[in-house]
Structure formats: C-alpha cells, structure tokens
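Q: So here's start.pdb (PDB, C-alpha atoms, pLDDT in the B column).
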```pdb
ATOM      1  CA  VAL N   1      96.449  50.375 108.491  1.00 93.00           C
ATOM      2  CA  GLN N   2      92.716  50.976 108.434  1.00 96.00           C
ATOM      3  CA  LEU N   3      90.607  53.328 106.376  1.00 97.00           C
ATOM      4  CA  GLN N   4      87.367  54.382 108.032  1.00 97.00           C
ATOM      5  CA  ALA N   5      84.720  55.529 105.575  1.00 97.00           C
ATOM      6  CA  SER N   6      81.654  57.316 106.851  1.00 97.00           C
ATOM      7  CA  GLY N   7      78.879  59.687 105.891  1.00 98.00           C
ATOM      8  CA  GLY N   8      76.790  57.528 103.599  1.00 98.00           C
ATOM      9  CA  GLY N   9      73.031  57.501 103.798  1.00 98.00           C
ATOM     10  CA  LEU N  10      69.759  58.021 102.006  1.00 98.00           C
ATOM     11  CA  VAL N  11      69.326  61.139  99.906  1.00 98.00           C
ATOM     12  CA  GLN N  12      66.776  62.241  97.341  1.00 98.00           C
ATOM     13  CA  ALA N  13      67.687  62.693  93.715  1.00 98.00           C
ATOM     14  CA  GLY N  14      69.159  66.133  93.156  1.00 98.00           C
ATOM     15  CA  GLY N  15      70.514  66.301  96.674  1.00 98.00           C
ATOM     16  CA  SER N  16      74.047  66.373  97.995  1.00 98.00           C
ATOM     17  CA  LEU N  17      76.100  64.268 100.335  1.00 98.00           C
ATOM     18  CA  ARG N  18      79.667  64.357 101.601  1.00 98.00           C
ATOM     19  CA  ILE N  19      81.406  61.181 102.600  1.00 98.00           C
ATOM     20  CA  SER N  20      84.660  60.959 104.522  1.00 98.00           C
ATOM     21  CA  CYS N  21      87.597  58.620 104.824  1.00 98.00           C
ATOM     22  CA  GLU N  22      89.906  58.774 107.808  1.00 98.00           C
ATOM     23  CA  PRO N  23      92.998  56.567 107.733  1.00 97.00           C
ATOM     24  CA  SER N  24      94.661  55.227 110.853  1.00 97.00           C
ATOM     25  CA  GLU N  25      97.996  56.462 109.473  1.00 95.00           C
ATOM     26  CA  ARG N  26      98.865  60.032 108.525  1.00 95.00           C
ATOM     27  CA  ILE N  27      97.666  60.946 105.039  1.00 95.00           C
ATOM     28  CA  SER N  28     101.279  61.790 104.207  1.00 90.00           C
ATOM     29  CA  ARG N  29     102.018  58.056 104.394  1.00 92.00           C
ATOM     30  CA  PHE N  30     100.070  57.497 101.182  1.00 96.00           C
ATOM     31  CA  SER N  31     101.217  58.342  97.679  1.00 96.00           C
ATOM     32  CA  ARG N  32      97.666  58.365  96.414  1.00 97.00           C
ATOM     33  CA  MET N  33      94.160  58.037  97.804  1.00 98.00           C
ATOM     34  CA  GLY N  34      90.916  57.572  96.013  1.00 98.00           C
ATOM     35  CA  TRP N  35      87.246  56.754  95.993  1.00 98.00           C
ATOM     36  CA  TYR N  36      85.704  53.792  94.230  1.00 98.00           C
ATOM     37  CA  ARG N  37      82.112  52.630  94.120  1.00 98.00           C
ATOM     38  CA  GLN N  38      80.264  49.424  93.521  1.00 98.00           C
ATOM     39  CA  ALA N  39      76.628  49.396  92.548  1.00 97.00           C
ATOM     40  CA  PRO N  40      74.475  46.292  93.078  1.00 92.00           C
ATOM     41  CA  GLY N  41      75.277  43.695  90.446  1.00 94.00           C
ATOM     42  CA  SER N  42      78.151  45.739  89.052  1.00 96.00           C
ATOM     43  CA  GLN N  43      81.907  45.736  89.293  1.00 97.00           C
ATOM     44  CA  ARG N  44      83.767  48.210  91.466  1.00 97.00           C
ATOM     45  CA  GLU N  45      84.669  51.320  89.527  1.00 97.00           C
ATOM     46  CA  LEU N  46      86.955  54.271  90.045  1.00 97.00           C
ATOM     47  CA  VAL N  47      85.389  57.605  91.002  1.00 98.00           C
ATOM     48  CA  ALA N  48      88.326  59.919  91.711  1.00 98.00           C
ATOM     49  CA  THR N  49      91.867  60.011  93.045  1.00 98.00           C
ATOM     50  CA  ILE N  50      94.119  62.566  94.701  1.00 97.00           C
ATOM     51  CA  ASN N  51      97.846  62.095  95.050  1.00 95.00           C
ATOM     52  CA  SER N  52     100.300  63.372  97.632  1.00 93.00           C
ATOM     53  CA  GLY N  53     101.043  66.402  95.493  1.00 93.00           C
ATOM     54  CA  GLY N  54      97.369  67.284  95.292  1.00 93.00           C
ATOM     55  CA  THR N  55      96.859  66.228  91.687  1.00 97.00           C
ATOM     56  CA  ILE N  56      93.276  65.115  91.148  1.00 97.00           C
ATOM     57  CA  GLU N  57      91.767  62.825  88.565  1.00 97.00           C
ATOM     58  CA  TYR N  58      88.118  62.025  87.983  1.00 96.00           C
ATOM     59  CA  VAL N  59      86.130  59.641  85.922  1.00 96.00           C
ATOM     60  CA  ASP N  60      84.903  61.908  83.126  1.00 95.00           C
ATOM     61  CA  SER N  61      81.253  61.084  83.696  1.00 95.00           C
ATOM     62  CA  LEU N  62      81.375  62.281  87.336  1.00 97.00           C
ATOM     63  CA  LYS N  63      83.756  65.250  87.341  1.00 95.00           C
ATOM     64  CA  ASP N  64      81.011  67.827  86.997  1.00 96.00           C
ATOM     65  CA  ARG N  65      79.129  66.611  90.070  1.00 98.00           C
ATOM     66  CA  PHE N  66      81.702  65.048  92.385  1.00 98.00           C
ATOM     67  CA  THR N  67      84.614  66.718  94.163  1.00 98.00           C
ATOM     68  CA  ILE N  68      87.433  64.892  95.912  1.00 98.00           C
ATOM     69  CA  SER N  69      89.487  66.713  98.518  1.00 97.00           C
ATOM     70  CA  ARG N  70      91.587  66.126 101.568  1.00 96.00           C
ATOM     71  CA  ASP N  71      92.278  67.991 104.783  1.00 96.00           C
ATOM     72  CA  VAL N  72      95.761  67.117 105.994  1.00 94.00           C
ATOM     73  CA  ALA N  73      95.198  68.786 109.354  1.00 96.00           C
ATOM     74  CA  LYS N  74      92.100  66.649 109.954  1.00 97.00           C
ATOM     75  CA  ASN N  75      93.760  63.633 108.323  1.00 97.00           C
ATOM     76  CA  THR N  76      90.649  63.042 106.272  1.00 98.00           C
ATOM     77  CA  MET N  77      89.749  62.622 102.616  1.00 98.00           C
ATOM     78  CA  TYR N  78      86.330  63.668 101.356  1.00 98.00           C
ATOM     79  CA  LEU N  79      84.035  63.128  98.417  1.00 98.00           C
ATOM     80  CA  GLN N  80      81.448  65.838  97.890  1.00 98.00           C
ATOM     81  CA  MET N  81      78.627  64.555  95.722  1.00 98.00           C
ATOM     82  CA  ASP N  82      76.145  66.998  94.228  1.00 98.00           C
ATOM     83  CA  SER N  83      73.129  66.637  91.959  1.00 98.00           C
ATOM     84  CA  LEU N  84      72.899  63.011  92.941  1.00 98.00           C
ATOM     85  CA  LYS N  85      71.068  60.570  90.712  1.00 98.00           C
ATOM     86  CA  PRO N  86      69.538  57.187  91.502  1.00 97.00           C
ATOM     87  CA  GLU N  87      72.290  55.569  89.438  1.00 97.00           C
ATOM     88  CA  ASP N  88      74.828  56.928  91.951  1.00 98.00           C
ATOM     89  CA  THR N  89      73.468  54.426  94.453  1.00 98.00           C
ATOM     90  CA  ALA N  90      76.398  52.260  95.482  1.00 98.00           C
ATOM     91  CA  VAL N  91      78.758  51.319  98.231  1.00 98.00           C
ATOM     92  CA  TYR N  92      81.571  53.849  98.155  1.00 98.00           C
ATOM     93  CA  TYR N  93      85.032  52.645  99.148  1.00 98.00           C
ATOM     94  CA  CYS N  94      88.125  54.644  99.975  1.00 98.00           C
ATOM     95  CA  GLN N  95      91.466  53.300  98.843  1.00 98.00           C
ATOM     96  CA  ALA N  96      95.055  54.261  99.520  1.00 97.00           C
ATOM     97  CA  ASP N  97      98.473  53.395  98.109  1.00 96.00           C
ATOM     98  CA  GLY N  98     101.203  53.316 100.696  1.00 91.00           C
ATOM     99  CA  SER N  99     104.503  55.167 100.446  1.00 90.00           C
ATOM    100  CA  GLY N 100     107.665  55.162 102.524  1.00 86.00           C
ATOM    101  CA  TYR N 101     107.664  52.141 104.795  1.00 87.00           C
ATOM    102  CA  LEU N 102     104.158  51.326 103.461  1.00 87.00           C
ATOM    103  CA  ARG N 103     105.377  51.354  99.875  1.00 90.00           C
ATOM    104  CA  GLY N 104     103.863  48.702  97.637  1.00 89.00           C
ATOM    105  CA  ARG N 105     100.844  48.153  99.844  1.00 94.00           C
ATOM    106  CA  GLU N 106      97.251  48.938  98.989  1.00 96.00           C
ATOM    107  CA  TYR N 107      94.559  49.569 101.539  1.00 97.00           C
ATOM    108  CA  TRP N 108      90.757  49.577 101.332  1.00 97.00           C
ATOM    109  CA  GLY N 109      88.113  50.881 103.661  1.00 95.00           C
ATOM    110  CA  GLN N 110      84.986  48.957 104.545  1.00 93.00           C
ATOM    111  CA  GLY N 111      82.721  51.067 102.366  1.00 94.00           C
ATOM    112  CA  THR N 112      79.840  53.380 103.076  1.00 98.00           C
ATOM    113  CA  LEU N 113      76.450  52.938 101.421  1.00 98.00           C
ATOM    114  CA  VAL N 114      74.938  55.816  99.484  1.00 98.00           C
ATOM    115  CA  THR N 115      71.335  55.377  98.404  1.00 98.00           C
ATOM    116  CA  VAL N 116      69.711  57.928  96.100  1.00 98.00           C
ATOM    117  CA  SER N 117      65.939  57.758  95.875  1.00 97.00           C
ATOM    118  CA  SER N 118      64.014  58.955  92.846  1.00 94.00           C
TER     119      SER N 118
END
```
So that I can check it, write out the structure of this file as structure tokens.
A:
Amino acid sequence: VQLQASGGGLVQAGGSLRISCEPSERISRFSRMGWYRQAPGSQRELVATINSGGTIEYVDSLKDRFTISRDVAKNTMYLQMDSLKPEDTAVYYCQADGSGYLRGREYWGQGTLVTVSS
C-alpha cells in the first residue's frame, strides 16, 4: 500500500494551499487517515484525522485554519490550509490505519514540503 502526497510548495504568509493524499488502496480500506507534519529540527506532530465514519479531529491550535476532508469518489484525502504562517513550514505526511485485511497495519506517505515565506 502506498500513500502519494502532493500539492506542497512555496506560499506567502497569509496565503492558502491544499495538499492531497491518494492511497493505492480504496479509502474504504482504512479505518482512519490523517495528516502529520514535521518542521525542521522538530518532532513529527499530528495535524488532523478523519475516520471511516467521517469523524474529524484537529489539533486545537490548527482547527481554525486547517480543514481535513476526503473525496471517496476521487479516492483522495485533502488538507486545506488557510491563513498560513511561517511556522507552518514543514513536511506534511499523510498516514492511514488499515482495516479489514489491512487491519493492524499503519501506512505513511513520503511527505510533501510546504514552505511559508514571511
């Protein structure tokens, strides 16, 4: 199973960006998917998750600016990031927890770099 993250890039502070994650398996194969990020010199941290029932959770500090969603028909998960700040600069990773015959397995994408300039 592979998770392909894309859409990162350079954006000015205050701008918006949407990143995508497309798994090689159907989204329905995962009990939960999420976005994490890792800034230079920092540990990887959770951004947001969405489970198979559509329940969403955010890190409190980001919930007013970031929106996680998924499009089952397009088999893609998204992270819409608004009002970006330089401190949002990080590599953003998508993650998925398998279900069914993938139960107990965790998958990570390769990451997509988001750089916010001041």
Q: Taking (70.5, 67.0, 95.4) in the file's coordinates, which residues come within 6 Å, counting all atoms listed in the file, written as a ChimeraX atom specification?
A: /N:13-16,82-84
Q: Box along x, y and z, 5 Å on every side, all listed atoms of range 37-53 of chain N inside: centre and edge lengths in Å to one decimal, as JSON.
A:
```
{"center_x": 87.8, "center_y": 55.0, "center_z": 93.3, "size_x": 36.6, "size_y": 32.7, "size_z": 18.6}
```
Q: Kindly give the distance, in Å, that separates CA of Val11 in chain N and CA of Tyr92 in chain N, rounded to a single decimal.
A: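 We find that CA of Val11 in chain N and CA of Tyr92 in chain N lie 14.4 Å from each other.
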Q: Hey, which of N:Gly8, N:Pro86, N:Gly34, N:Pro40 ends up closest to Ser69 in chain N? Count all atoms listed in the file.
A: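 Counting all atoms listed in the file, the residue closest to Ser69 in chain N is N:Gly34.
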Q: Name the residues captured by the PyMOL selection byres ((chain N and resi 47-50) around 12) when it is applied to the shown file; answer as a tab-separated table (two decimals) with C-alpha atoms, in the frame of the given file.
A:
```
chain	number	residue	atom	x	y	z
N	27	ILE	CA	97.67	60.95	105.04
N	28	SER	CA	101.28	61.79	104.21
N	30	PHE	CA	100.07	57.50	101.18
N	31	SER	CA	101.22	58.34	97.68
N	32	ARG	CA	97.67	58.36	96.41
N	33	MET	CA	94.16	58.04	97.80
N	34	GLY	CA	90.92	57.57	96.01
N	35	TRP	CA	87.25	56.75	95.99
N	36	TYR	CA	85.70	53.79	94.23
N	37	ARG	CA	82.11	52.63	94.12
N	38	GLN	CA	80.26	49.42	93.52
N	44	ARG	CA	83.77	48.21	91.47
N	45	GLU	CA	84.67	51.32	89.53
N	46	LEU	CA	86.96	54.27	90.04
N	51	ASN	CA	97.85	62.10	95.05
N	52	SER	CA	100.30	63.37	97.63
N	53	GLY	CA	101.04	66.40	95.49
N	54	GLY	CA	97.37	67.28	95.29
N	55	THR	CA	96.86	66.23	91.69
N	56	ILE	CA	93.28	65.11	91.15
N	57	GLU	CA	91.77	62.82	88.56
N	58	TYR	CA	88.12	62.02	87.98
N	59	VAL	CA	86.13	59.64	85.92
N	60	ASP	CA	84.90	61.91	83.13
N	61	SER	CA	81.25	61.08	83.70
N	62	LEU	CA	81.38	62.28	87.34
N	63	LYS	CA	83.76	65.25	87.34
N	64	ASP	CA	81.01	67.83	87.00
N	65	ARG	CA	79.13	66.61	90.07
N	66	PHE	CA	81.70	65.05	92.38
N	67	THR	CA	84.61	66.72	94.16
N	68	ILE	CA	87.43	64.89	95.91
N	69	SER	CA	89.49	66.71	98.52
N	70	ARG	CA	91.59	66.13	101.57
N	71	ASP	CA	92.28	67.99	104.78
N	77	MET	CA	89.75	62.62	102.62
N	78	TYR	CA	86.33	63.67	101.36
N	79	LEU	CA	84.04	63.13	98.42
N	80	GLN	CA	81.45	65.84	97.89
N	81	MET	CA	78.63	64.56	95.72
N	88	ASP	CA	74.83	56.93	91.95
N	90	ALA	CA	76.40	52.26	95.48
N	91	VAL	CA	78.76	51.32	98.23
N	92	TYR	CA	81.57	53.85	98.16
N	93	TYR	CA	85.03	52.64	99.15
N	94	CYS	CA	88.12	54.64	99.98
N	95	GLN	CA	91.47	53.30	98.84
N	96	ALA	CA	95.06	54.26	99.52
N	97	ASP	CA	98.47	53.40	98.11
```
Q: Of the candidates N:Ala5, N:Arg29, N:Thr89, N:Tyr101, which one gets nearest to Val114 in chain N if we count all atoms listed in the file?
A: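 Looking at the shortest contact to Val114 in chain N, the residue is N:Thr89.
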Q: With all atoms listed in the file as the atoms that count, which of N:Ala39, N:Val1, N:Leu10, N:Cys21 lies nearest to Val72 in chain N?
A: N:Cys21
Q: Taking into account only C-alpha atoms, which residue in the set N:Gly9, N:Gln2, N:Gln43, N:Leu17 is nearest to Tyr107 in chain N?
A: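 Closest to Tyr107 in chain N of all the choices is N:Gln2.
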Q: So what does the PyMOL selection byres ((chain N and resi 22) around 7) actually pick up in this one, as a list in words?
A: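 Selected by the PyMOL selection byres ((chain N and resi 22) around 7) in this file: Leu3, Gln4, Ala5, Ser20, Cys21, Pro23, Ser24, Asn75, Thr76 and Met77 of chain N.
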Q: What would the file look like if the residues just selected were written as a PDB file, keeping the file's coordinate frame with C-alpha atoms?
A:
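The new file result_23.pdb reads:
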```
ATOM      1  CA  LEU N   3      90.607  53.328 106.376  1.00 97.00           C
ATOM      2  CA  GLN N   4      87.367  54.382 108.032  1.00 97.00           C
ATOM      3  CA  ALA N   5      84.720  55.529 105.575  1.00 97.00           C
ATOM      4  CA  SER N  20      84.660  60.959 104.522  1.00 98.00           C
ATOM      5  CA  CYS N  21      87.597  58.620 104.824  1.00 98.00           C
ATOM      6  CA  PRO N  23      92.998  56.567 107.733  1.00 97.00           C
ATOM      7  CA  SER N  24      94.661  55.227 110.853  1.00 97.00           C
ATOM      8  CA  ASN N  75      93.760  63.633 108.323  1.00 97.00           C
ATOM      9  CA  THR N  76      90.649  63.042 106.272  1.00 98.00           C
ATOM     10  CA  MET N  77      89.749  62.622 102.616  1.00 98.00           C
TER      11      MET N  77
END
```
Q: How many Å separate CA of Lys74 in chain N from CA of Arg103 in chain N?
A: 22.6 Å
Q: Would you work out the distance separating CA of Trp108 in chain N from CA of Arg18 in chain N, expressed in Å to one decimal?
A: 18.5 Å
Q: Kindly indicate which residue among N:Ser6, N:Ser117, N:Ser99, N:Thr112 lies nearest to Lys85 in chain N, using only C-alpha atoms for the distances.
A: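 Answer, going by the shortest atom-to-atom distance: N:Ser117.
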